[in-house]
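What's in protein-v7.cif: mmCIF, C-alpha atoms and all ligand atoms
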data_upload
#
loop_
_atom_site.label_atom_id
_atom_site.label_comp_id
_atom_site.auth_asym_id
_atom_site.auth_seq_id
_atom_site.Cartn_x
_atom_site.Cartn_y
_atom_site.Cartn_z
CA MET A 1 33.37 -36.47 -111.01
CA THR A 2 31.25 -39.21 -112.48
CA ARG A 3 29.10 -41.32 -110.28
CA MET A 4 28.47 -44.05 -112.80
CA ASP A 5 31.96 -45.46 -112.40
CA GLY A 6 30.68 -48.23 -110.19
CA HIS A 7 32.18 -46.76 -107.02
CA SER A 8 29.95 -43.85 -106.30
CA ARG A 9 26.47 -44.45 -105.09
CA LEU A 10 23.21 -44.26 -106.96
CA SER A 11 20.69 -42.07 -105.21
CA CYS A 12 17.00 -41.40 -105.57
CA LEU A 13 15.38 -38.04 -104.95
CA VAL A 14 11.76 -38.21 -103.87
CA ARG A 15 10.02 -34.84 -104.21
CA GLY A 16 6.66 -35.36 -102.60
CA SER A 17 4.20 -35.20 -99.77
CA ILE A 18 4.55 -35.88 -96.09
CA ASN A 19 1.58 -35.96 -93.72
CA ILE A 20 0.48 -36.59 -90.18
CA ASP A 21 -2.16 -39.32 -90.47
CA GLU A 22 -4.65 -39.26 -87.58
CA PHE A 23 -6.84 -42.34 -87.21
CA PHE A 24 -10.06 -42.09 -85.24
CA HIS A 25 -11.69 -45.49 -84.67
CA VAL A 26 -15.43 -44.80 -84.54
CA PRO A 27 -18.57 -46.99 -84.23
CA SER A 28 -19.91 -45.33 -87.42
CA ILE A 29 -18.87 -42.47 -89.71
CA VAL A 30 -19.93 -39.26 -88.00
CA ARG A 31 -23.15 -37.68 -89.41
CA PRO A 32 -23.76 -33.95 -89.95
CA GLY A 33 -24.39 -32.32 -86.55
CA GLN A 34 -23.37 -35.44 -84.63
CA THR A 35 -20.57 -35.64 -82.06
CA LEU A 36 -18.97 -39.05 -81.65
CA SER A 37 -16.28 -40.25 -79.26
CA SER A 38 -13.62 -42.37 -80.86
CA THR A 39 -12.85 -45.75 -79.31
CA ARG A 40 -9.18 -45.57 -80.27
CA TYR A 41 -6.80 -42.98 -81.70
CA GLU A 42 -3.50 -43.38 -83.54
CA ARG A 43 -1.15 -40.85 -85.05
CA ARG A 44 1.25 -41.98 -87.75
CA ALA A 45 3.63 -40.59 -90.35
CA GLY A 46 2.19 -40.71 -93.87
CA GLY A 47 1.98 -39.08 -97.27
CA LYS A 48 2.78 -40.91 -100.48
CA GLY A 49 6.13 -39.19 -100.95
CA ALA A 50 7.31 -40.10 -97.46
CA ASN A 51 5.95 -43.66 -97.67
CA GLN A 52 7.64 -44.34 -100.99
CA ALA A 53 10.92 -42.86 -99.78
CA VAL A 54 10.83 -45.21 -96.78
CA ALA A 55 10.13 -48.16 -99.09
CA ILE A 56 13.21 -47.34 -101.18
CA ALA A 57 15.35 -47.17 -98.03
CA ARG A 58 13.85 -50.40 -96.61
CA ALA A 59 14.63 -52.07 -99.95
CA GLY A 60 18.27 -51.06 -99.47
CA GLN A 61 18.96 -48.09 -101.74
CA TYR A 62 20.02 -44.55 -100.89
CA VAL A 63 17.17 -42.07 -100.94
CA PHE A 64 16.58 -38.50 -99.93
CA PHE A 65 13.28 -36.81 -99.47
CA VAL A 66 12.53 -33.21 -100.41
CA GLY A 67 9.29 -31.82 -99.07
CA ALA A 68 7.89 -29.54 -96.42
CA VAL A 69 6.34 -29.76 -92.96
CA GLY A 70 5.15 -27.16 -90.47
CA ASN A 71 6.53 -26.72 -86.97
CA ASP A 72 4.12 -29.42 -85.79
CA GLY A 73 5.74 -31.96 -88.12
CA ARG A 74 9.40 -31.94 -87.15
CA TRP A 75 8.93 -35.42 -85.69
CA LEU A 76 8.03 -36.70 -89.16
CA LEU A 77 11.50 -35.82 -90.40
CA ASP A 78 13.02 -37.68 -87.42
CA GLU A 79 10.82 -40.62 -88.38
CA LEU A 80 12.19 -40.56 -91.95
CA GLU A 81 15.75 -40.50 -90.62
CA ARG A 82 14.92 -43.44 -88.36
CA PHE A 83 14.07 -45.37 -91.54
CA ASN A 84 17.37 -44.29 -93.15
CA VAL A 85 15.81 -41.73 -95.46
CA CYS A 86 17.92 -38.58 -95.69
CA ALA A 87 15.68 -35.67 -94.72
CA ASP A 88 18.42 -32.98 -94.66
CA ASN A 89 16.86 -31.24 -97.64
CA ALA A 90 13.30 -31.22 -96.37
CA VAL A 91 12.16 -27.85 -95.03
CA VAL A 92 10.22 -26.72 -91.97
CA ILE A 93 7.88 -23.81 -92.67
CA ASN A 94 7.18 -22.27 -89.28
CA GLU A 95 4.03 -20.36 -90.18
CA GLU A 96 2.40 -23.32 -91.94
CA GLN A 97 0.64 -26.49 -90.72
CA THR A 98 1.95 -29.91 -91.69
CA GLY A 99 -0.18 -31.77 -94.22
CA ARG A 100 -2.73 -33.83 -92.33
CA ALA A 101 -5.18 -36.65 -92.96
CA ILE A 102 -8.09 -37.04 -90.53
CA ILE A 103 -9.29 -40.61 -90.98
CA GLN A 104 -12.42 -42.15 -89.49
CA LEU A 105 -12.44 -45.95 -89.43
CA THR A 106 -15.43 -48.14 -88.54
CA PRO A 107 -15.36 -51.76 -87.35
CA GLU A 108 -16.89 -52.70 -90.74
CA GLY A 109 -13.83 -51.29 -92.47
CA GLU A 110 -15.54 -48.17 -93.83
CA ASN A 111 -13.48 -45.01 -93.80
CA SER A 112 -13.81 -41.32 -94.50
CA ILE A 113 -10.87 -38.99 -94.87
CA ILE A 114 -10.35 -35.24 -94.66
CA LEU A 115 -7.10 -34.10 -96.18
CA HIS A 116 -5.41 -30.81 -95.31
CA ARG A 117 -2.65 -30.09 -97.81
CA GLY A 118 -0.80 -27.64 -95.55
CA ALA A 119 2.96 -27.33 -96.06
CA ASN A 120 2.93 -29.82 -98.97
CA TYR A 121 1.39 -27.14 -101.15
CA ARG A 122 3.27 -24.22 -99.74
CA ILE A 123 6.47 -24.42 -101.76
CA SER A 124 6.02 -23.27 -105.35
CA PRO A 125 8.85 -23.33 -107.91
CA ALA A 126 9.17 -19.57 -107.40
CA VAL A 127 10.17 -19.88 -103.74
CA LEU A 128 11.92 -23.22 -104.00
CA PRO A 129 15.55 -22.97 -102.98
CA PRO A 130 17.88 -24.02 -105.83
CA TYR A 131 17.86 -27.63 -104.69
CA GLN A 132 17.87 -29.16 -108.09
CA ASP A 133 21.23 -27.74 -109.08
CA ARG A 134 22.80 -28.58 -105.78
CA LEU A 135 21.45 -32.05 -105.24
CA GLU A 136 23.09 -35.06 -106.78
CA TYR A 137 20.70 -37.77 -107.82
CA THR A 138 20.45 -40.47 -110.46
CA HIS A 139 16.76 -41.35 -109.98
CA LEU A 140 13.76 -39.11 -109.49
CA LEU A 141 10.44 -40.30 -108.04
CA LEU A 142 7.34 -38.08 -108.14
CA GLN A 143 3.72 -38.51 -107.07
CA ASN A 144 1.00 -35.89 -107.32
CA GLU A 145 0.39 -34.77 -103.74
CA ILE A 146 2.29 -31.48 -104.17
CA PRO A 147 1.62 -28.57 -106.57
CA PHE A 148 1.56 -29.88 -110.13
CA ASP A 149 3.93 -27.06 -111.19
CA VAL A 150 6.55 -28.35 -108.77
CA THR A 151 6.30 -31.87 -110.16
CA LEU A 152 6.66 -30.50 -113.71
CA ASP A 153 9.57 -28.36 -112.62
CA TYR A 154 11.49 -31.34 -111.24
CA LEU A 155 10.75 -33.51 -114.26
CA ASN A 156 11.77 -30.80 -116.72
CA HIS A 157 14.87 -30.02 -114.74
CA SER A 158 16.01 -33.63 -114.55
CA SER A 159 16.19 -33.82 -118.34
CA THR A 160 18.31 -30.69 -118.69
CA ARG A 161 20.87 -31.26 -115.94
CA SER A 162 24.44 -31.64 -117.07
CA HIS A 163 25.04 -35.10 -115.91
CA PRO A 164 27.11 -38.13 -116.87
CA SER A 165 23.91 -39.83 -117.81
CA ASN A 166 20.21 -39.09 -117.83
CA THR A 167 18.25 -39.26 -114.65
CA THR A 168 15.82 -42.18 -114.55
CA THR A 169 12.37 -40.75 -113.83
CA PHE A 170 9.32 -42.34 -112.18
CA PHE A 171 5.81 -40.95 -111.75
CA ASN A 172 3.00 -42.41 -109.66
CA PRO A 173 0.13 -40.04 -110.55
CA SER A 174 -1.94 -40.34 -107.42
CA PRO A 175 -4.23 -38.43 -107.12
CA MET A 176 -4.81 -38.28 -110.86
CA PRO A 177 -3.97 -34.95 -112.50
CA THR A 178 -6.80 -33.13 -114.31
CA PRO A 179 -7.29 -33.78 -118.05
CA ASP A 180 -5.64 -30.44 -118.83
CA GLU A 181 -2.66 -31.34 -116.68
CA ILE A 182 -2.45 -34.78 -118.32
CA VAL A 183 -2.26 -33.13 -121.74
CA GLN A 184 0.32 -30.64 -120.49
CA PHE A 185 2.48 -33.37 -118.93
CA PRO A 186 5.86 -33.96 -120.68
CA TRP A 187 5.38 -37.72 -121.12
CA GLU A 188 8.48 -38.00 -123.30
CA LYS A 189 10.57 -37.06 -120.25
CA LEU A 190 9.17 -39.87 -118.18
CA ASP A 191 10.78 -43.31 -118.09
CA TRP A 192 8.43 -45.20 -115.79
CA LEU A 193 4.74 -44.65 -115.11
CA ILE A 194 3.41 -46.57 -112.09
CA VAL A 195 -0.38 -46.82 -111.74
CA ASN A 196 -3.07 -49.11 -110.39
CA GLU A 197 -5.81 -50.30 -112.72
CA GLY A 198 -8.25 -47.51 -111.88
CA GLU A 199 -5.54 -44.89 -112.38
CA ALA A 200 -4.58 -46.40 -115.76
CA LEU A 201 -8.19 -46.00 -116.89
CA ASP A 202 -8.44 -42.47 -115.47
CA LEU A 203 -5.26 -41.50 -117.27
CA LEU A 204 -6.53 -42.89 -120.56
CA GLN A 205 -9.80 -41.06 -120.14
CA GLY A 206 -7.91 -37.88 -119.30
CA MET A 207 -5.92 -38.21 -122.52
CA GLU A 208 -9.01 -38.96 -124.56
CA SER A 209 -11.37 -36.40 -123.04
CA SER A 210 -9.26 -33.68 -124.55
CA SER A 211 -8.98 -35.28 -127.99
CA THR A 212 -12.28 -35.25 -129.90
CA SER A 213 -11.43 -38.02 -132.34
CA ARG A 214 -11.33 -40.94 -129.96
CA GLU A 215 -13.74 -42.58 -127.60
CA SER A 216 -12.57 -44.88 -124.84
CA GLN A 217 -13.19 -48.55 -125.61
CA MET A 218 -12.31 -49.49 -122.08
CA THR A 219 -14.79 -50.48 -119.46
CA ARG A 220 -14.72 -50.71 -115.70
CA ASP A 221 -16.40 -53.24 -113.48
CA THR A 222 -19.80 -51.85 -112.82
CA ASN A 223 -21.20 -54.77 -110.83
CA GLY A 224 -19.64 -56.06 -107.66
CA GLN A 225 -18.44 -59.34 -109.17
CA GLN A 226 -14.75 -60.21 -109.04
CA PRO A 227 -13.50 -61.06 -112.53
CA ALA A 228 -11.10 -64.01 -112.95
CA GLU A 229 -7.38 -63.26 -112.87
CA THR A 230 -6.94 -64.01 -116.59
CA ASP A 231 -9.75 -61.57 -117.42
CA VAL A 232 -8.13 -58.89 -115.28
CA VAL A 233 -4.79 -59.36 -116.99
CA ALA A 234 -6.33 -59.39 -120.49
CA ARG A 235 -8.26 -56.23 -119.70
CA ALA A 236 -5.20 -54.51 -118.21
CA SER A 237 -3.02 -55.43 -121.19
CA LYS A 238 -5.56 -53.76 -123.48
CA VAL A 239 -5.51 -50.63 -121.31
CA LEU A 240 -1.70 -50.53 -121.21
CA HIS A 241 -1.35 -50.95 -124.97
CA THR A 242 -3.94 -48.25 -125.62
CA LEU A 243 -2.20 -45.96 -123.13
CA HIS A 244 1.21 -46.64 -124.62
CA ASP A 245 0.06 -46.15 -128.24
CA HIS A 246 -1.94 -43.02 -127.46
CA PRO A 247 -0.77 -40.01 -129.48
CA ARG A 248 -0.59 -37.94 -126.29
CA SER A 249 1.62 -40.52 -124.57
CA SER A 250 5.22 -41.43 -125.41
CA ARG A 251 6.54 -44.44 -127.34
CA LYS A 252 9.39 -44.98 -124.90
CA LEU A 253 7.21 -44.93 -121.81
CA ASN A 254 7.41 -48.01 -119.59
CA VAL A 255 4.18 -48.69 -117.71
CA ILE A 256 3.75 -50.69 -114.51
CA CYS A 257 0.14 -51.43 -113.61
CA THR A 258 -0.57 -52.97 -110.20
CA LEU A 259 -3.69 -55.12 -110.05
CA GLY A 260 -4.35 -55.52 -106.31
CA ALA A 261 -4.78 -59.20 -105.39
CA ASN A 262 -4.17 -60.05 -109.07
CA GLY A 263 -0.55 -58.89 -108.99
CA VAL A 264 1.08 -56.68 -111.61
CA LEU A 265 1.35 -56.24 -115.35
CA ALA A 266 4.20 -54.28 -116.95
CA LEU A 267 4.54 -52.99 -120.49
CA VAL A 268 8.21 -52.46 -121.28
CA PRO A 269 9.02 -51.31 -124.81
CA HIS A 270 12.75 -51.47 -124.08
CA PHE A 271 13.26 -55.20 -123.88
CA THR A 272 16.33 -56.29 -125.74
CA GLN A 273 14.81 -59.40 -127.30
CA ASN A 274 11.44 -59.97 -128.83
CA ASN A 275 9.70 -56.71 -129.62
CA ASN A 276 6.33 -58.38 -130.03
CA ASP A 277 6.35 -59.43 -126.44
CA GLU A 278 6.55 -56.32 -124.32
CA LEU A 279 4.38 -57.52 -121.45
CA VAL A 280 5.44 -59.10 -118.17
CA TYR A 281 2.86 -60.43 -115.76
CA VAL A 282 3.64 -61.44 -112.18
CA PRO A 283 0.85 -62.75 -109.91
CA ALA A 284 0.45 -61.40 -106.38
CA ALA A 285 1.99 -63.13 -103.39
CA LYS A 286 -0.38 -65.89 -102.28
CA ILE A 287 -2.16 -64.64 -99.19
CA ASP A 288 -5.07 -66.16 -97.33
CA PRO A 289 -7.82 -63.47 -97.60
CA ALA A 290 -8.23 -63.75 -93.82
CA GLU A 291 -4.64 -62.56 -93.46
CA VAL A 292 -5.21 -59.36 -95.47
CA CYS A 293 -5.19 -56.80 -92.72
CA ASP A 294 -4.58 -53.34 -94.21
CA THR A 295 -3.93 -52.64 -97.89
CA THR A 296 -3.16 -48.95 -97.25
CA GLY A 297 0.29 -48.20 -98.54
CA ALA A 298 0.67 -51.47 -100.50
CA GLY A 299 0.98 -49.43 -103.68
CA ASP A 300 3.58 -47.14 -102.07
CA CYS A 301 5.54 -50.15 -100.83
CA PHE A 302 5.40 -51.64 -104.32
CA THR A 303 6.54 -48.39 -105.97
CA GLY A 304 9.50 -47.89 -103.63
CA TYR A 305 10.61 -51.50 -104.08
CA PHE A 306 10.36 -51.13 -107.83
CA VAL A 307 12.53 -48.01 -107.93
CA SER A 308 15.03 -49.65 -105.61
CA GLY A 309 15.02 -52.81 -107.76
CA LEU A 310 15.91 -50.83 -110.87
CA MET A 311 18.65 -49.07 -108.92
CA ASP A 312 20.05 -52.48 -107.90
CA LEU A 313 19.98 -53.55 -111.54
CA GLN A 314 21.68 -50.38 -112.68
CA HIS A 315 24.29 -50.79 -109.99
CA SER A 316 25.13 -54.30 -111.16
CA LYS A 317 24.71 -53.88 -114.91
CA GLY A 318 25.66 -50.29 -115.53
CA VAL A 319 24.14 -47.02 -116.51
CA ASP A 320 21.93 -48.14 -119.39
CA ALA A 321 20.34 -51.01 -117.54
CA ALA A 322 17.43 -49.04 -116.14
CA THR A 323 16.25 -47.54 -119.39
CA THR A 324 17.64 -49.03 -122.53
CA LYS A 325 18.92 -52.55 -122.06
CA LEU A 326 16.31 -54.34 -120.05
CA GLU A 327 16.09 -58.10 -120.07
CA LYS A 328 12.65 -59.52 -119.51
CA GLU A 329 13.91 -61.80 -116.73
CA ASP A 330 15.44 -58.84 -114.91
CA VAL A 331 12.15 -56.95 -114.87
CA ALA A 332 10.23 -60.08 -113.86
CA GLY A 333 12.72 -60.60 -111.03
CA ILE A 334 12.24 -57.06 -109.75
CA LEU A 335 8.44 -57.35 -109.94
CA GLU A 336 8.61 -60.67 -108.08
CA ARG A 337 10.37 -58.94 -105.20
CA CYS A 338 7.84 -56.07 -105.33
CA VAL A 339 4.79 -58.34 -105.03
CA HIS A 340 6.38 -60.11 -102.07
CA ALA A 341 7.15 -56.80 -100.38
CA ALA A 342 3.59 -55.55 -101.00
CA GLY A 343 2.24 -58.92 -99.85
CA LEU A 344 3.98 -58.52 -96.49
CA CYS A 345 2.73 -54.92 -96.31
CA VAL A 346 -0.96 -55.88 -96.62
CA ARG A 347 -0.61 -58.36 -93.74
CA ARG A 348 0.37 -55.65 -91.26
CA PRO A 349 -1.55 -52.62 -90.02
CA GLY A 350 -0.50 -49.13 -91.10
CA ALA A 351 1.30 -47.83 -94.16
CA MET A 352 4.85 -46.58 -93.54
CA GLY A 353 5.37 -48.82 -90.53
CA SER A 354 4.21 -51.91 -92.42
CA ILE A 355 6.79 -51.71 -95.21
CA PRO A 356 9.06 -54.76 -94.83
CA SER A 357 12.86 -54.68 -94.92
CA ARG A 358 14.85 -56.22 -97.75
CA ASP A 359 15.79 -59.16 -95.51
CA GLU A 360 12.17 -59.80 -94.58
CA VAL A 361 11.24 -59.85 -98.27
CA SER A 362 14.10 -62.22 -99.09
CA ALA A 363 12.94 -64.54 -96.31
CA ALA A 364 9.36 -64.45 -97.62
CA MET A 365 10.58 -65.33 -101.13
CA GLY A 366 12.29 -68.43 -99.74
P1 LIG B 401 -2.89 -49.38 -104.74
O1 LIG B 401 -2.77 -49.70 -103.30
O2 LIG B 401 -1.99 -48.29 -105.20
O3 LIG B 401 -4.30 -49.22 -105.22
P2 LIG B 401 -2.90 -52.15 -105.62
O4 LIG B 401 -4.20 -52.30 -104.93
O5 LIG B 401 -2.83 -52.55 -107.06
O6 LIG B 401 -2.32 -50.67 -105.53
O7 LIG B 401 -1.83 -52.97 -104.79
C1 LIG B 401 -0.45 -52.87 -105.03
C2 LIG B 401 0.21 -54.24 -104.91
O8 LIG B 401 -0.01 -54.73 -103.58
C3 LIG B 401 -0.32 -55.31 -105.84
O9 LIG B 401 0.36 -55.32 -107.08
C4 LIG B 401 -0.08 -56.58 -105.04
O10 LIG B 401 1.24 -57.03 -105.27
C5 LIG B 401 -0.21 -56.12 -103.59
N1 LIG B 401 -1.56 -56.42 -103.06
C6 LIG B 401 -2.59 -55.55 -102.89
N2 LIG B 401 -3.68 -56.18 -102.39
C7 LIG B 401 -3.33 -57.47 -102.24
C8 LIG B 401 -4.00 -58.65 -101.76
N3 LIG B 401 -5.28 -58.60 -101.35
N4 LIG B 401 -3.31 -59.82 -101.76
C9 LIG B 401 -2.03 -59.87 -102.17
N5 LIG B 401 -1.34 -58.82 -102.63
C10 LIG B 401 -1.97 -57.63 -102.66
NA NA B 402 -2.11 -48.08 -101.62
#

Can you dump the structure from the file as structure tokens?
Amino acid sequence: MTRMDGHSRLSCLVRGSINIDEFFHVPSIVRPGQTLSSTRYERRAGGKGANQAVAIARAGQYVFFVGAVGNDGRWLLDELERFNVCADNAVVINEEQTGRAIIQLTPEGENSIILHRGANYRISPAVLPPYQDRLEYTHLLLQNEIPFDVTLDYLNHSSTRSHPSNTTTFFNPSPMPTPDEIVQFPWEKLDWLIVNEGEALDLLQGMESSSTSRESQMTRDTNGQQPAETDVVARASKVLHTLHDHPRSSRKLNVICTLGANGVLALVPHFTQNNNDELVYVPAAKIDPAEVCDTTGAGDCFTGYFVSGLMDLQHSKGVDAATTKLEKEDVAGILERCVHAAGLCVRRPGAMGSIPSRDEVSAAMG
């Protein structure tokens, strides 16, 4: 059976984290020894893996999530199903707690977060059921909120599967792996790296901290001033080129760098046309700053929409479209949709629940 014949469906496997996010609205962040009553409490489904899986489904592509919860997190899997994410292959580990984020939020917008990894870190490759051989998928999306070994295992496996075509792989390294892990990472097996600007710099520093010959030329904002959009883009393009050309990186790596309110810059070495022009910049959706309500999950929304956009492209243009035969306009079109999706996301409270549907994004794009 081939599934690239245009009839069978593309599918994305997300192997990642799923959490219960508990929000405590407090007058101030609690001090050592202090007891504070919260003024409001909310419990929501979260975790970058789960959020990004929901974004792929909301954007209209087929996605299944593989991860783990404890007995206290069965409702999270129902929540995924409610958003049309297949959770059949997620596991419930009875003797373990579900991953959990305890979040304090003040009226001034300050927050403090305690993260309990729980079931997310419970499944090691050694005890992982043989999912990878059994599961059919054409796209693989990984973050870094599960054991690093598991992420490596999935990435390595995706390149060795007997398959009509290679799996298209995506990695959103958040939180950033350690410098040793960055060096160990099989970059040549990765098709798409998705980072924000801070993560791009961290990654570069991780690559350079372990090589003695180079010193980072890149700088961060150290004062509180907002640089102009053109400065941000120029700075990001320097970072992306340095990252792409780094001896520890891979020449075929495509890099997407989100720039918050400044939009997104992509470096795509696979464009069919002009090789000197590998960059695509798309500004953010225009939003009145007063309308920006909650940027949590904007990056996850963006990432899921991007994966889904490439799946759409591959569906319409064939198997090579997502890796080897990219037209600049196609990538710009996908990124345009992503910034509009993320723009809607930042105008609503919450993360998973604020990810817009494909129709809502189309309406916003006019
Ligand atoms: P992360 O949330 O992972 O740090 P970013 O802050 O770069 O990622 O945001 C991801 C995307 O969300 C951006 O590329 C942009 O499209 C959108 N976005 C984030 N903040 C804003 C904002 N203030 N106004 C408009 N769009 C935004
Ligand atoms: Na985010």

Please tell me which residues are no farther than 8 Å from (15.4, -46.8, -100.8) in the file, counting all atoms listed in the file, and write them as a ChimeraX atom specification. /A:12,53-63,85,304-305,307-308

Using only C-alpha atoms for the distances, tell me which of A:Lys189, A:His246, A:Val30, A:Thr167 is nearest to Met311 in chain A.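 That would be A:Thr167, the residue with the smallest distance to Met311 in chain A.
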
CA of Ser158 in chain A and CA of Val183 in chain A, how far apart in Å?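 For CA of Val183 in chain A relative to CA of Ser158 in chain A, the distance reads 19.6 Å.
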
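Coordinates place CA of Glu96 in chain A at a distance of 13.1 Å from CA of Gly67 in chain A.
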
As an NGL selection string, please: every protein or nucleic acid residue near ligand NA 402 (chain B) (cut-off 12 Å, counting only C-alpha atoms and all ligand atoms). :A and (46-48 or 51-52 or 172 or 174-175 or 194-199 or 258-260 or 294-304 or 342-343 or 345-346 or 350-352 or 354-355)

Give me a file of those residues, with C-alpha atoms, as a PDB file, in the frame of the given file.
ATOM      1  CA  GLY A  46       2.190 -40.710 -93.870  1.00  0.00           C
ATOM      2  CA  GLY A  47       1.980 -39.080 -97.270  1.00  0.00           C
ATOM      3  CA  LYS A  48       2.780 -40.910-100.480  1.00  0.00           C
ATOM      4  CA  ASN A  51       5.950 -43.660 -97.670  1.00  0.00           C
ATOM      5  CA  GLN A  52       7.640 -44.340-100.990  1.00  0.00           C
ATOM      6  CA  ASN A 172       3.000 -42.410-109.660  1.00  0.00           C
ATOM      7  CA  SER A 174      -1.940 -40.340-107.420  1.00  0.00           C
ATOM      8  CA  PRO A 175      -4.230 -38.430-107.120  1.00  0.00           C
ATOM      9  CA  ILE A 194       3.410 -46.570-112.090  1.00  0.00           C
ATOM     10  CA  VAL A 195      -0.380 -46.820-111.740  1.00  0.00           C
ATOM     11  CA  ASN A 196      -3.070 -49.110-110.390  1.00  0.00           C
ATOM     12  CA  GLU A 197      -5.810 -50.300-112.720  1.00  0.00           C
ATOM     13  CA  GLY A 198      -8.250 -47.510-111.880  1.00  0.00           C
ATOM     14  CA  GLU A 199      -5.540 -44.890-112.380  1.00  0.00           C
ATOM     15  CA  THR A 258      -0.570 -52.970-110.200  1.00  0.00           C
ATOM     16  CA  LEU A 259      -3.690 -55.120-110.050  1.00  0.00           C
ATOM     17  CA  GLY A 260      -4.350 -55.520-106.310  1.00  0.00           C
ATOM     18  CA  ASP A 294      -4.580 -53.340 -94.210  1.00  0.00           C
ATOM     19  CA  THR A 295      -3.930 -52.640 -97.890  1.00  0.00           C
ATOM     20  CA  THR A 296      -3.160 -48.950 -97.250  1.00  0.00           C
ATOM     21  CA  GLY A 297       0.290 -48.200 -98.540  1.00  0.00           C
ATOM     22  CA  ALA A 298       0.670 -51.470-100.500  1.00  0.00           C
ATOM     23  CA  GLY A 299       0.980 -49.430-103.680  1.00  0.00           C
ATOM     24  CA  ASP A 300       3.580 -47.140-102.070  1.00  0.00           C
ATOM     25  CA  CYS A 301       5.540 -50.150-100.830  1.00  0.00           C
ATOM     26  CA  PHE A 302       5.400 -51.640-104.320  1.00  0.00           C
ATOM     27  CA  THR A 303       6.540 -48.390-105.970  1.00  0.00           C
ATOM     28  CA  GLY A 304       9.500 -47.890-103.630  1.00  0.00           C
ATOM     29  CA  ALA A 342       3.590 -55.550-101.000  1.00  0.00           C
ATOM     30  CA  GLY A 343       2.240 -58.920 -99.850  1.00  0.00           C
ATOM     31  CA  CYS A 345       2.730 -54.920 -96.310  1.00  0.00           C
ATOM     32  CA  VAL A 346      -0.960 -55.880 -96.620  1.00  0.00           C
ATOM     33  CA  GLY A 350      -0.500 -49.130 -91.100  1.00  0.00           C
ATOM     34  CA  ALA A 351       1.300 -47.830 -94.160  1.00  0.00           C
ATOM     35  CA  MET A 352       4.850 -46.580 -93.540  1.00  0.00           C
ATOM     36  CA  SER A 354       4.210 -51.910 -92.420  1.00  0.00           C
ATOM     37  CA  ILE A 355       6.790 -51.710 -95.210  1.00  0.00           C
TER      38      ILE A 355
END

Between A:Gln104, A:Asn262, A:Ser159, A:Gln226, which residue has the minimum interatomic distance to ligand LIG 401 (chain B), considering only C-alpha atoms and all ligand atoms? A:Asn262

Counting only C-alpha atoms, select every polymer residue within 12 Å of (18.5, -45.9, -108.7) as defined in the file's coordinates, and provide the selection as a ChimeraX atom specification. /A:3-4,8-14,56-57,59-64,136-141,166-170,304-323

With distances taken over only C-alpha atoms, which residue among A:Glu145, A:Asp153, A:Glu181, A:Glu360 lies nearest Gly16 in chain A?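 Nearest candidate to Gly16 in chain A out of A:Glu145, A:Asp153, A:Glu181, A:Glu360: A:Glu145.
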
Given all atoms listed in the file as the counted atoms, nearest of A:Val232, A:Ile146, A:Gln225, A:Asp180 to Met207 in chain A: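 For Met207 in chain A, the nearest of the candidates is A:Asp180.
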
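Rounded to one decimal, CA of His340 in chain A and CA of Asp288 in chain A lie 13.8 Å from each other.
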
Can you tell me which residues surround Phe171 in chain A at a distance of at most 8 Å, considering only C-alpha atoms, apart from same-chain residues fewer than 5 positions away, and format the answer as a JSON list (two decimals) with C-alpha atoms, keeping the file's coordinate frame?
[["chain", "number", "residue", "atom", "x", "y", "z"],
["A", 141, "LEU", "CA", 10.44, -40.30, -108.04],
["A", 142, "LEU", "CA", 7.34, -38.08, -108.14],
["A", 143, "GLN", "CA", 3.72, -38.51, -107.07],
["A", 190, "LEU", "CA", 9.17, -39.87, -118.18],
["A", 192, "TRP", "CA", 8.43, -45.20, -115.79],
["A", 193, "LEU", "CA", 4.74, -44.65, -115.11],
["A", 194, "ILE", "CA", 3.41, -46.57, -112.09]]

So that I can check the surroundings of Val264 in chain A, please list as a ChimeraX atom specification every protein, DNA and RNA residue that reaches within 9 Å of it, counting all atoms listed in the file and ignoring chain neighbours fewer than 2 positions away. /A:196,233,256-262,266,280-284,335,339

Measuring between only C-alpha atoms and all ligand atoms, which one of A:Ile123, A:Leu326, A:Ala236, A:Val92 shows the shortest distance to ligand LIG 401 (chain B)?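 So, comparing all the options, the nearest one is A:Ala236.
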
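Proximity ranking of A:His270, A:Arg74, A:Arg337, A:His244 relative to ligand LIG 401 (chain B) places A:Arg337 first, based on all atoms listed in the file.
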
Near-Glu188 in chain A list (9 Å; only C-alpha atoms; drop same-chain fewer than 3 positions) as a list of chain:residue names: A:Phe185, A:Asp191, A:Ser249, A:Ser250, A:Arg251, A:Lys252, A:Leu253

Can you pull out the residues contacting Gly70 in chain A? Cut-off 9 Å, using all atoms listed in the file, and skip same-chain residues under 4 positions away; I want them as a ChimeraX atom specification. /A:74,91-99,118-119

Near Arg44 in chain A, counting only C-alpha atoms, which residues have an atom at most 12 Å away, once you skip same-chain residues fewer than 2 positions from it, shown as a VMD selection string? chain A and resid 18 to 24 41 to 42 46 to 47 50 to 51 73 75 to 76 79 to 80 100 to 103 349 to 354
